[in-house]
Amino acid sequence: MRNILASALLLCAALCANTAEALDSSATPVVVTPLADRTETASGQPITLPQKNVQVLVSTFDIAVGATLPVHKHPFPRYAYVEAGTLKVTNVETGKSNTYKTGDFIVEMIGQWHQATNVGDGPVKLLVIDQVEQGAKNTVLRQ
C-alpha cells in the first residue's frame with residue numbers, strides 16, 4: 001500500500017511540474033520546488049484525513065522570541081511551513097523534541113500533547129494548514 005501511495009504522489013508531483021511548465025505563457029519558466037514528501041506525522045503516525053465534510057483552514061502564526069505555546073493537541077491533520085525563525089516542538093508525552101528552522105515543513109502529531117517554543121533569536125513565522133471536519137477546531141488546550 002505504501003508503494004502505491006508513494007508512486008501516486010510521485011506521479012502527481014511529476015504531472016504538477018509538467019502542468020506548471022505547460023501553463024506558463026511568458027518567456028520566464030515556472031520552477032516547481034518540492035518542499036516535502038511525507039506519509040507520517042512528526043511522531044511517526046500515518047497521515048489520515050477526516051472522513052466527512054473536510055474543511056481546509058489556512059492561517060499564519062507569528063511567535064515572539066522566547067514565547068512558548070501552551071500544551072495542546074490536534075484532533076485532525078495540521079501542516080506548517082516555517083517561513084522564518086527556529087521552533088522547537090516537544091511531545092510532552094514522550095519527551096521527544098524536534099527543532100524546525102526556516103524552510104522546514106512540519107507534519108504535526110495528531111492527538112498527542114505537545115508544545116512549541118521559539119528558540120531562535122528572531123520571531124517565528126509559520127504558514128499553517130489544517131484539514132478538519134467542517135466547523136471543527138483543530139487545537140485543544142490541556143486543562
# chains A, B, ... in the order shown; residues from 1 in each chain; ligands from 1
>>> residues_around(residues="Phe76 in chain A", least_positions_apart="3", cutoff="9 Å", atoms="only C-alpha atoms", output="PyMOL selection string")
chain A and resi 48-50+110-111+130-133+137-139
>>> write_last_selection(atoms="N, CA and C atoms", output="CSV table (one decimal), in the first residue's frame")
chain,number,residue,atom,x,y,z
A,48,THR,N,-3.8,10.5,8.2
A,48,THR,CA,-5.1,10.1,7.7
A,48,THR,C,-6.0,11.4,7.7
A,49,LEU,N,-6.9,11.5,6.8
A,49,LEU,CA,-7.7,12.7,6.7
A,49,LEU,C,-9.1,12.5,7.3
A,50,PRO,N,-9.7,13.6,7.7
A,50,PRO,CA,-11.1,13.5,8.2
A,50,PRO,C,-12.0,12.7,7.1
A,110,ILE,N,-0.8,14.0,15.7
A,110,ILE,CA,-2.3,14.1,15.9
A,110,ILE,C,-2.6,13.4,17.2
A,111,GLY,N,-3.4,14.1,18.0
A,111,GLY,CA,-3.9,13.5,19.2
A,111,GLY,C,-2.9,13.3,20.3
A,130,ASP,N,-4.7,23.5,8.2
A,130,ASP,CA,-5.4,22.5,8.9
A,130,ASP,C,-6.4,21.8,8.0
A,131,GLN,N,-6.6,20.5,8.2
A,131,GLN,CA,-7.7,19.8,7.5
A,131,GLN,C,-8.6,19.2,8.6
A,132,VAL,N,-9.8,19.7,8.7
A,132,VAL,CA,-10.7,19.4,9.8
A,132,VAL,C,-12.0,19.0,9.2
A,133,GLU,N,-12.8,18.4,10.1
A,133,GLU,CA,-14.2,18.2,9.7
A,133,GLU,C,-14.9,19.6,9.8
A,137,LYS,N,-12.7,22.7,15.4
A,137,LYS,CA,-11.5,23.4,15.7
A,137,LYS,C,-10.4,22.3,15.8
A,138,ASN,N,-9.1,22.8,15.5
A,138,ASN,CA,-8.0,21.8,15.4
A,138,ASN,C,-7.0,22.0,16.5
A,139,THR,N,-7.3,22.8,17.5
A,139,THR,CA,-6.4,22.9,18.7
A,139,THR,C,-7.2,22.7,20.0
>>> select_by_dssp(residues="chain A", states="alpha helix (DSSP H)", output="PyMOL selection string")
chain A and resi 2-23
>>> closest_residue(among="A:Ala80, A:Ile106, A:Val89, A:Leu35", to="Ser59 in chain A", atoms="only C-alpha atoms")
A:Ala80
>>> atom_distance(atom1="CA of Asp104 in chain A", atom2="CA of Ile63 in chain A")
15.8 Å
>>> select_by_dssp(residues="range 28-69 of chain A", states="strand (DSSP E)", output="ChimeraX atom specification")
/A:54-63
>>> write_last_selection(atoms="N, CA and C atoms", output="PDB file, in the first residue's frame")
ATOM      1  N   VAL A  54     -14.735  17.594   4.789  1.00  0.00           N
ATOM      2  CA  VAL A  54     -13.415  18.153   5.048  1.00  0.00           C
ATOM      3  C   VAL A  54     -13.396  19.651   4.742  1.00  0.00           C
ATOM      4  N   GLN A  55     -12.815  20.399   5.669  1.00  0.00           N
ATOM      5  CA  GLN A  55     -12.643  21.841   5.508  1.00  0.00           C
ATOM      6  C   GLN A  55     -11.153  22.137   5.647  1.00  0.00           C
ATOM      7  N   VAL A  56     -10.604  22.960   4.752  1.00  0.00           N
ATOM      8  CA  VAL A  56      -9.208  23.360   4.806  1.00  0.00           C
ATOM      9  C   VAL A  56      -9.146  24.766   5.381  1.00  0.00           C
ATOM     10  N   LEU A  57      -8.351  24.928   6.440  1.00  0.00           N
ATOM     11  CA  LEU A  57      -8.167  26.224   7.085  1.00  0.00           C
ATOM     12  C   LEU A  57      -6.704  26.627   6.928  1.00  0.00           C
ATOM     13  N   VAL A  58      -6.441  27.852   6.501  1.00  0.00           N
ATOM     14  CA  VAL A  58      -5.080  28.334   6.318  1.00  0.00           C
ATOM     15  C   VAL A  58      -4.900  29.582   7.163  1.00  0.00           C
ATOM     16  N   SER A  59      -3.810  29.618   7.932  1.00  0.00           N
ATOM     17  CA  SER A  59      -3.552  30.772   8.796  1.00  0.00           C
ATOM     18  C   SER A  59      -2.050  31.004   8.902  1.00  0.00           C
ATOM     19  N   THR A  60      -1.689  32.155   9.452  1.00  0.00           N
ATOM     20  CA  THR A  60      -0.288  32.443   9.734  1.00  0.00           C
ATOM     21  C   THR A  60      -0.124  32.604  11.233  1.00  0.00           C
ATOM     22  N   PHE A  61       1.033  32.218  11.718  1.00  0.00           N
ATOM     23  CA  PHE A  61       1.385  32.375  13.124  1.00  0.00           C
ATOM     24  C   PHE A  61       2.649  33.221  13.195  1.00  0.00           C
ATOM     25  N   ASP A  62       2.671  34.184  14.106  1.00  0.00           N
ATOM     26  CA  ASP A  62       3.868  34.950  14.416  1.00  0.00           C
ATOM     27  C   ASP A  62       4.155  34.712  15.888  1.00  0.00           C
ATOM     28  N   ILE A  63       5.281  34.072  16.189  1.00  0.00           N
ATOM     29  CA  ILE A  63       5.611  33.689  17.557  1.00  0.00           C
ATOM     30  C   ILE A  63       6.851  34.474  17.982  1.00  0.00           C
TER      31      ILE A  63
END
>>> residues_around(residues="Tyr100 in chain A", least_positions_apart="3", cutoff="9 Å", atoms="only C-alpha atoms", output="list of chain:residue names")
A:Val82, A:Gly85, A:Thr86, A:Leu87, A:Lys88, A:Val89, A:Gly103, A:Asp104, A:Phe105, A:Ile106
>>> write_last_selection(atoms="C-alpha atoms", output="compact mmCIF listing (two decimals), in the first residue's frame")
# COMPACT_ATOMS: atom_id res chain seq x y z
CA VAL A 82 8.46 27.67 8.65
CA GLY A 85 12.87 31.52 12.73
CA THR A 86 13.61 28.41 14.78
CA LEU A 87 10.88 26.44 16.57
CA LYS A 88 11.34 23.55 19.00
CA VAL A 89 8.30 21.25 19.28
CA GLY A 103 12.38 26.41 5.09
CA ASP A 104 11.32 23.33 7.05
CA PHE A 105 7.92 21.67 6.63
CA ILE A 106 6.17 20.29 9.72
>>> closest_residue(among="A:Gln45, A:Asn118, A:Ser97, A:Asn53", to="Pro77 in chain A", atoms="only C-alpha atoms")
A:Gln45
>>> atom_distance(atom1="CA of Lys96 in chain A", atom2="CA of Val124 in chain A")
20.6 Å
>>> atom_distance(atom1="CA of Ser43 in chain A", atom2="CA of Thr102 in chain A")
20.2 Å
>>> closest_residue(among="A:Thr28, A:Asn91, A:Gln143, A:Thr68", to="Gly44 in chain A", atoms="only C-alpha atoms")
A:Asn91
>>> residues_around(residues="Gln112 in chain A", least_positions_apart="4", cutoff="10 Å", atoms="only C-alpha atoms", output="number ranges by chain")
A: 43, 71-75, 91-94, 108
>>> closest_residue(among="A:Ala36, A:Val128, A:Ala27, A:Ala42", to="Thr90 in chain A", atoms="only C-alpha atoms")
A:Ala42
